[in-house]
Amino acid sequence: MSEVAIAPVKVATRQLYLDLMQRCLLGLIYRDPPQDKWSGDSFDINKRMLGRDWPSQAHSMIGKLRMDNLRSAVEYAIVNAIPGDFIETGVWRGGACILVRAVFAAYGVTDRIVWCADSFEGLPAPDAEKYPADSGDKFHTYPQLVISLEEVRENFERYGLLDAQVRFVKGWFKDTLPAAPIDKLAVLRLDGDMYESTMDALRALYSKVSPGGVVIIDDYGVVPGCRKAVHDFRDANGIGDVIRNVDNAGVWWIKSK
Ligand SMILES: C[S@@+](CC[C@H](N)C(=O)[O-])C[C@H]1O[C@@H](n2cnc3c(N)ncnc32)[C@H](O)[C@@H]1O
């Protein structure tokens, strides 16, 4: 039998898998058009890179740069043995959480959970009396933001990634997060858009982030109420860790204490 020359694999298979996952989750393969009313009718790579449109089919709206940031944060936590799980508060179709389950699979991580917290009914109407920064907020009126738990489960299944390492926390953050059975977090990703949603998540979960863990805020640069909640919480708790930008919207920091 003659020998077959096989070219050496230049890029690690793990990297190829995760790159392909990101392209699928963001709709970069079939270039699905946006469904929002401000982005026009056709796919625009610049908008999708920055997460500025709401995809019609793709499973995440966070854009390529923020998804790269999420992947790096989770890989950093694994490589540096930062203890704890991952949670996203505000999952929509589940794309960011699906990516994290894929990272765990690619690294053979079997002892960390992906927690997916959402109402699975869209955003709450603003409580302007309690949270004036949310007054006039219209996100709760958008049917595009209402994605059921069944749909998110099915999306995980389509990638072959729905298993016991994925857990769902259904309900309003103020009701569910304080009692969620989460011990430690290596990466906390907030994507609930509003002041209330951001503050409820920080109050319930920040103390569970391990030292050296990563905190990511998706909407910091584009939703003033979200940014205010972050600063109110940091000021109240004496948090001075340097905030770093991902793109025009997302920021992250490493928890030092
Ligand atoms: C912008 S979407 C999240 C996008 C998602 N991370 C992705 O990868 O595309 C915001 C989500 O947060 C949820 N949400 C916002 N505030 C909430 C709250 N207070 N309680 C429960 N869910 C909330 C909404 O239902 C919605 O699914």
# chains A, B, ... in the order shown; residues from 1 in each chain; ligands from 1
$ closest_atom_pairs --of "chain A" --to "ligand 1" --cutoff "7 Å" --atoms "only C-alpha atoms and all ligand atoms" --output "Markdown table"
| residue | atom | partner | partner_atom_place_in_ligand_line | distance |
| --- | --- | --- | --- | --- |
| A:His59 | CA | ligand 1 | 9 (O) | 6.4 |
| A:Ser60 | CA | ligand 1 | 9 (O) | 3.4 |
| A:Met61 | CA | ligand 1 | 9 (O) | 3.8 |
| A:Ile62 | CA | ligand 1 | 9 (O) | 5.1 |
| A:Glu88 | CA | ligand 1 | 6 (N) | 6.9 |
| A:Thr89 | CA | ligand 1 | 12 (O) | 6.5 |
| A:Gly90 | CA | ligand 1 | 12 (O) | 3.2 |
| A:Val91 | CA | ligand 1 | 6 (N) | 4.1 |
| A:Trp92 | CA | ligand 1 | 27 (O) | 3.4 |
| A:Arg93 | CA | ligand 1 | 9 (O) | 6.1 |
| A:Gly94 | CA | ligand 1 | 8 (O) | 5.7 |
| A:Gly95 | CA | ligand 1 | 8 (O) | 4.6 |
| A:Ala96 | CA | ligand 1 | 8 (O) | 4.2 |
| A:Ala117 | CA | ligand 1 | 22 (N) | 6.7 |
| A:Asp118 | CA | ligand 1 | 22 (N) | 3.8 |
| A:Ser119 | CA | ligand 1 | 21 (C) | 3.8 |
| A:Phe120 | CA | ligand 1 | 25 (O) | 5.2 |
| A:Glu121 | CA | ligand 1 | 25 (O) | 5.4 |
| A:Gly122 | CA | ligand 1 | 25 (O) | 3.3 |
| A:Leu123 | CA | ligand 1 | 15 (C) | 4.3 |
| A:Pro124 | CA | ligand 1 | 19 (N) | 5.7 |
| A:Leu145 | CA | ligand 1 | 26 (C) | 5.5 |
| A:Val146 | CA | ligand 1 | 25 (O) | 5.9 |
| A:Ile147 | CA | ligand 1 | 27 (O) | 6.4 |
| A:Gly171 | CA | ligand 1 | 21 (C) | 5.6 |
| A:Trp172 | CA | ligand 1 | 20 (N) | 3.5 |
| A:Phe173 | CA | ligand 1 | 20 (N) | 4.1 |
| A:Lys174 | CA | ligand 1 | 19 (N) | 6.6 |
| A:Asp191 | CA | ligand 1 | 3 (C) | 5.2 |
| A:Gly192 | CA | ligand 1 | 15 (C) | 3.7 |
| A:Asp193 | CA | ligand 1 | 15 (C) | 6.1 |
| A:Met194 | CA | ligand 1 | 16 (N) | 6.5 |
| A:Glu196 | CA | ligand 1 | 19 (N) | 6.4 |
| A:Ser197 | CA | ligand 1 | 19 (N) | 4.1 |
$ closest_atom_pairs --of "range 157-199 of chain A" --to "range 15-29 of chain A" --cutoff "12 Å" --atoms "only C-alpha atoms" --output "tab-separated table"
residue	atom	partner	partner_atom	distance
A:Arg158	CA	A:Leu25	CA	11.0
A:Tyr159	CA	A:Met21	CA	8.6
A:Gly160	CA	A:Met21	CA	11.6
A:Leu161	CA	A:Met21	CA	11.4
$ residues_around --residues "Asp219 in chain A" --least-positions-apart "4" --cutoff "6 Å" --atoms "only C-alpha atoms" --output "list in words"
Asp193, Val223, Ala249 and Gly250 of chain A
$ atom_distance --atom1 "CA of Lys47 in chain A" --atom2 "CA of Gly63 in chain A"
7.8 Å
$ closest_residue --among "A:Val114, A:Val209, A:Val251, A:Ile78" --to "Phe156 in chain A" --atoms "only C-alpha atoms"
A:Val114
$ closest_residue --among "A:Ser42, A:Ser210, A:Gln165, A:Asn69" --to "Pro83 in chain A" --atoms "only C-alpha atoms"
A:Ser210
$ select_by_dssp --residues "range 1-227 of chain A" --states "strand (DSSP E)" --output "PyMOL selection string"
chain A and resi 85-89+114-118+166-170+185-190+209-217
$ write_last_selection --atoms "N, CA, C and O atoms" --output "compact mmCIF listing (two decimals), in the first residue's frame"
# COMPACT_ATOMS: atom_id res chain seq x y z
N ASP A 85 -18.40 28.53 37.81
CA ASP A 85 -19.22 28.32 36.63
C ASP A 85 -19.26 29.58 35.77
O ASP A 85 -18.61 30.59 36.07
N PHE A 86 -20.12 29.51 34.75
CA PHE A 86 -20.41 30.68 33.91
C PHE A 86 -21.90 30.97 34.03
O PHE A 86 -22.72 30.05 34.07
N ILE A 87 -22.23 32.26 34.12
CA ILE A 87 -23.65 32.64 33.99
C ILE A 87 -23.78 33.81 33.04
O ILE A 87 -22.91 34.71 33.01
N GLU A 88 -24.83 33.77 32.23
CA GLU A 88 -25.24 34.97 31.49
C GLU A 88 -26.63 35.34 31.98
O GLU A 88 -27.55 34.50 32.02
N THR A 89 -26.80 36.62 32.36
CA THR A 89 -28.12 37.11 32.75
C THR A 89 -28.66 37.91 31.57
O THR A 89 -28.25 39.03 31.32
N VAL A 114 -22.97 25.92 32.78
CA VAL A 114 -23.41 27.12 32.05
C VAL A 114 -24.82 27.45 32.55
O VAL A 114 -25.75 26.68 32.30
N TRP A 115 -24.94 28.55 33.30
CA TRP A 115 -26.24 28.98 33.82
C TRP A 115 -26.84 30.00 32.85
O TRP A 115 -26.19 31.00 32.51
N CYS A 116 -28.07 29.78 32.44
CA CYS A 116 -28.76 30.66 31.49
C CYS A 116 -29.95 31.30 32.22
O CYS A 116 -30.96 30.63 32.46
N ALA A 117 -29.82 32.57 32.58
CA ALA A 117 -30.87 33.24 33.35
C ALA A 117 -31.63 34.22 32.46
O ALA A 117 -31.02 35.09 31.82
N ASP A 118 -32.94 34.07 32.44
CA ASP A 118 -33.78 34.96 31.62
C ASP A 118 -35.23 34.78 32.06
O ASP A 118 -35.60 33.74 32.63
N VAL A 166 -25.77 22.32 31.39
CA VAL A 166 -26.52 23.54 31.04
C VAL A 166 -27.74 23.60 31.96
O VAL A 166 -28.52 22.66 32.03
N ARG A 167 -27.87 24.72 32.68
CA ARG A 167 -29.03 24.87 33.58
C ARG A 167 -29.74 26.20 33.29
O ARG A 167 -29.07 27.20 33.01
N PHE A 168 -31.04 26.18 33.42
CA PHE A 168 -31.84 27.37 33.12
C PHE A 168 -32.43 27.94 34.40
O PHE A 168 -32.89 27.20 35.27
N VAL A 169 -32.40 29.28 34.49
CA VAL A 169 -32.96 29.98 35.64
C VAL A 169 -34.05 30.89 35.06
O VAL A 169 -33.77 31.95 34.49
N LYS A 170 -35.30 30.45 35.17
CA LYS A 170 -36.40 31.16 34.49
C LYS A 170 -37.14 32.10 35.45
O LYS A 170 -37.55 31.69 36.53
N LEU A 185 -18.60 31.60 40.65
CA LEU A 185 -18.58 31.94 39.22
C LEU A 185 -17.16 32.32 38.79
O LEU A 185 -16.49 33.07 39.49
N ALA A 186 -16.75 31.80 37.65
CA ALA A 186 -15.47 32.22 37.06
C ALA A 186 -15.70 33.38 36.10
O ALA A 186 -14.83 34.24 35.95
N VAL A 187 -16.84 33.35 35.43
CA VAL A 187 -17.19 34.41 34.48
C VAL A 187 -18.66 34.77 34.66
O VAL A 187 -19.53 33.91 34.63
N LEU A 188 -18.89 36.08 34.86
CA LEU A 188 -20.25 36.62 35.01
C LEU A 188 -20.49 37.55 33.83
O LEU A 188 -19.75 38.52 33.64
N ARG A 189 -21.50 37.24 33.02
CA ARG A 189 -21.79 38.09 31.85
C ARG A 189 -23.19 38.66 31.97
O ARG A 189 -24.17 37.91 32.00
N LEU A 190 -23.26 39.99 32.03
CA LEU A 190 -24.55 40.68 32.18
C LEU A 190 -25.01 41.22 30.84
O LEU A 190 -24.27 41.99 30.20
N VAL A 209 -18.41 35.79 42.34
CA VAL A 209 -17.31 35.74 41.36
C VAL A 209 -16.00 35.51 42.11
O VAL A 209 -15.68 36.23 43.06
N SER A 210 -15.25 34.52 41.68
CA SER A 210 -13.96 34.20 42.31
C SER A 210 -12.96 35.33 42.09
O SER A 210 -13.00 36.00 41.05
N PRO A 211 -12.03 35.52 43.03
CA PRO A 211 -10.93 36.46 42.75
C PRO A 211 -10.22 36.02 41.46
O PRO A 211 -9.98 34.83 41.26
N GLY A 212 -9.94 36.97 40.60
CA GLY A 212 -9.35 36.64 39.30
C GLY A 212 -10.40 36.33 38.24
O GLY A 212 -10.06 36.16 37.07
N GLY A 213 -11.68 36.23 38.65
CA GLY A 213 -12.75 35.97 37.70
C GLY A 213 -13.06 37.20 36.85
O GLY A 213 -12.62 38.31 37.15
N VAL A 214 -13.84 36.97 35.79
CA VAL A 214 -14.10 38.04 34.82
C VAL A 214 -15.56 38.47 34.89
O VAL A 214 -16.47 37.63 34.96
N VAL A 215 -15.76 39.79 34.88
CA VAL A 215 -17.10 40.38 34.84
C VAL A 215 -17.24 41.10 33.50
O VAL A 215 -16.39 41.92 33.15
N ILE A 216 -18.29 40.76 32.77
CA ILE A 216 -18.51 41.36 31.45
C ILE A 216 -19.87 42.05 31.45
O ILE A 216 -20.87 41.46 31.88
N ILE A 217 -19.90 43.29 30.96
CA ILE A 217 -21.16 44.03 30.87
C ILE A 217 -21.39 44.34 29.39
O ILE A 217 -20.65 45.13 28.79
$ atom_distance --atom1 "CA of Arg14 in chain A" --atom2 "CA of Leu149 in chain A"
28.8 Å
$ residues_around --residues "Leu65 in chain A" --least-positions-apart "2" --cutoff "7 Å" --atoms "only C-alpha atoms" --output "count of residues only"
8
$ residues_around --residues "Pro178 in chain A" --least-positions-apart "3" --cutoff "9 Å" --atoms "only C-alpha atoms" --output "list in words"
Phe173, Lys174, Asp175, Pro181, Asp200, Ala201, Arg203, Ala204 and Leu205 of chain A
$ select_by_dssp --residues "range 3-84 of chain A" --states "alpha helix (DSSP H)" --output "PyMOL selection string"
chain A and resi 13-25+45-50+63-79
$ write_last_selection --atoms "N, CA, C and O atoms" --output "compact mmCIF listing (two decimals), in the first residue's frame"
# COMPACT_ATOMS: atom_id res chain seq x y z
N THR A 13 -7.34 21.86 16.11
CA THR A 13 -8.73 21.49 15.81
C THR A 13 -9.70 22.22 16.73
O THR A 13 -10.78 22.63 16.31
N ARG A 14 -9.31 22.36 18.01
CA ARG A 14 -10.14 23.09 18.98
C ARG A 14 -10.45 24.49 18.49
O ARG A 14 -11.59 24.97 18.55
N GLN A 15 -9.41 25.14 17.98
CA GLN A 15 -9.59 26.52 17.51
C GLN A 15 -10.51 26.56 16.29
O GLN A 15 -11.37 27.44 16.16
N LEU A 16 -10.32 25.59 15.39
CA LEU A 16 -11.17 25.54 14.19
C LEU A 16 -12.63 25.33 14.58
O LEU A 16 -13.53 25.97 14.03
N TYR A 17 -12.90 24.44 15.55
CA TYR A 17 -14.27 24.17 16.00
C TYR A 17 -14.89 25.43 16.59
O TYR A 17 -16.01 25.81 16.24
N LEU A 18 -14.13 26.08 17.48
CA LEU A 18 -14.71 27.26 18.15
C LEU A 18 -14.90 28.42 17.17
O LEU A 18 -15.87 29.17 17.27
N ASP A 19 -13.98 28.56 16.23
CA ASP A 19 -14.16 29.60 15.20
C ASP A 19 -15.44 29.34 14.40
O ASP A 19 -16.22 30.26 14.13
N LEU A 20 -15.65 28.09 14.02
CA LEU A 20 -16.85 27.74 13.24
C LEU A 20 -18.12 27.96 14.07
O LEU A 20 -19.12 28.47 13.56
N MET A 21 -18.06 27.59 15.35
CA MET A 21 -19.21 27.83 16.24
C MET A 21 -19.57 29.31 16.25
O MET A 21 -20.74 29.68 16.15
N GLN A 22 -18.56 30.16 16.39
CA GLN A 22 -18.83 31.59 16.44
C GLN A 22 -19.47 32.07 15.13
O GLN A 22 -20.42 32.85 15.15
N ARG A 23 -18.94 31.59 14.01
CA ARG A 23 -19.49 32.01 12.72
C ARG A 23 -20.95 31.59 12.58
O ARG A 23 -21.79 32.34 12.06
N CYS A 24 -21.26 30.38 13.05
CA CYS A 24 -22.65 29.89 12.99
C CYS A 24 -23.54 30.70 13.93
O CYS A 24 -24.62 31.15 13.54
N LEU A 25 -23.08 30.86 15.19
CA LEU A 25 -23.92 31.52 16.20
C LEU A 25 -24.23 32.97 15.83
O LEU A 25 -25.26 33.52 16.22
N ILE A 45 -21.84 43.25 7.34
CA ILE A 45 -20.79 42.64 8.15
C ILE A 45 -20.28 43.60 9.24
O ILE A 45 -19.95 43.17 10.35
N ASN A 46 -20.26 44.87 8.92
CA ASN A 46 -19.76 45.84 9.92
C ASN A 46 -20.68 45.89 11.13
O ASN A 46 -20.22 45.94 12.27
N LYS A 47 -21.98 45.87 10.87
CA LYS A 47 -22.94 45.88 12.00
C LYS A 47 -22.86 44.58 12.80
O LYS A 47 -22.89 44.58 14.02
N ARG A 48 -22.75 43.46 12.08
CA ARG A 48 -22.72 42.17 12.78
C ARG A 48 -21.44 42.00 13.59
O ARG A 48 -21.43 41.38 14.65
N MET A 49 -20.34 42.54 13.11
CA MET A 49 -19.08 42.48 13.88
C MET A 49 -19.24 43.19 15.22
O MET A 49 -18.73 42.75 16.24
N LEU A 50 -19.96 44.33 15.19
CA LEU A 50 -20.09 45.14 16.40
C LEU A 50 -21.39 44.88 17.17
O LEU A 50 -21.67 45.56 18.16
N GLY A 63 -22.55 40.15 18.48
CA GLY A 63 -21.52 40.56 17.53
C GLY A 63 -20.20 39.83 17.76
O GLY A 63 -19.95 39.24 18.81
N LYS A 64 -19.35 39.91 16.73
CA LYS A 64 -18.10 39.12 16.74
C LYS A 64 -17.12 39.57 17.83
O LYS A 64 -16.52 38.74 18.50
N LEU A 65 -16.97 40.87 18.00
CA LEU A 65 -15.95 41.32 18.96
C LEU A 65 -16.31 40.95 20.39
O LEU A 65 -15.45 40.52 21.17
N ARG A 66 -17.60 41.10 20.73
CA ARG A 66 -18.00 40.73 22.10
C ARG A 66 -18.00 39.22 22.29
O ARG A 66 -17.76 38.72 23.38
N MET A 67 -18.24 38.48 21.19
CA MET A 67 -18.16 37.02 21.34
C MET A 67 -16.70 36.58 21.48
O MET A 67 -16.39 35.65 22.24
N ASP A 68 -15.80 37.24 20.77
CA ASP A 68 -14.36 36.96 20.95
C ASP A 68 -13.96 37.21 22.40
O ASP A 68 -13.21 36.45 23.01
N ASN A 69 -14.45 38.32 22.94
CA ASN A 69 -14.13 38.68 24.33
C ASN A 69 -14.65 37.61 25.30
O ASN A 69 -13.94 37.19 26.24
N LEU A 70 -15.86 37.12 25.05
CA LEU A 70 -16.44 36.09 25.92
C LEU A 70 -15.61 34.81 25.84
O LEU A 70 -15.27 34.21 26.87
N ARG A 71 -15.28 34.41 24.62
CA ARG A 71 -14.47 33.19 24.46
C ARG A 71 -13.13 33.33 25.18
O ARG A 71 -12.71 32.42 25.89
N SER A 72 -12.48 34.49 25.01
CA SER A 72 -11.18 34.70 25.67
C SER A 72 -11.33 34.64 27.19
O SER A 72 -10.46 34.08 27.87
N ALA A 73 -12.41 35.22 27.71
CA ALA A 73 -12.60 35.23 29.17
C ALA A 73 -12.76 33.81 29.70
O ALA A 73 -12.19 33.44 30.73
N VAL A 74 -13.52 33.00 28.99
CA VAL A 74 -13.75 31.62 29.45
C VAL A 74 -12.47 30.79 29.29
O VAL A 74 -12.10 30.01 30.18
N GLU A 75 -11.77 30.98 28.18
CA GLU A 75 -10.50 30.26 27.99
C GLU A 75 -9.49 30.68 29.07
O GLU A 75 -8.76 29.84 29.61
N TYR A 76 -9.45 31.97 29.38
CA TYR A 76 -8.55 32.47 30.43
C TYR A 76 -8.89 31.80 31.77
O TYR A 76 -7.99 31.37 32.51
N ALA A 77 -10.19 31.69 32.07
CA ALA A 77 -10.60 31.09 33.35
C ALA A 77 -10.20 29.62 33.41
O ALA A 77 -9.75 29.13 34.46
N ILE A 78 -10.33 28.93 32.29
CA ILE A 78 -9.97 27.50 32.27
C ILE A 78 -8.45 27.34 32.42
O ILE A 78 -7.97 26.61 33.29
N VAL A 79 -7.71 28.06 31.60
CA VAL A 79 -6.24 27.91 31.58
C VAL A 79 -5.63 28.33 32.92
O VAL A 79 -4.66 27.73 33.38
$ residues_around --residues "Leu202 in chain A" --least-positions-apart "6" --cutoff "9 Å" --atoms "only C-alpha atoms" --output "ChimeraX atom specification"
/A:190,229-230,233
$ atom_distance --atom1 "CA of Gly221 in chain A" --atom2 "CA of Gly238 in chain A"
21.3 Å
$ closest_residue --among "A:Asp32, A:Glu129, A:Asp183, A:Glu150" --to "Asp44 in chain A" --atoms "only C-alpha atoms"
A:Asp32
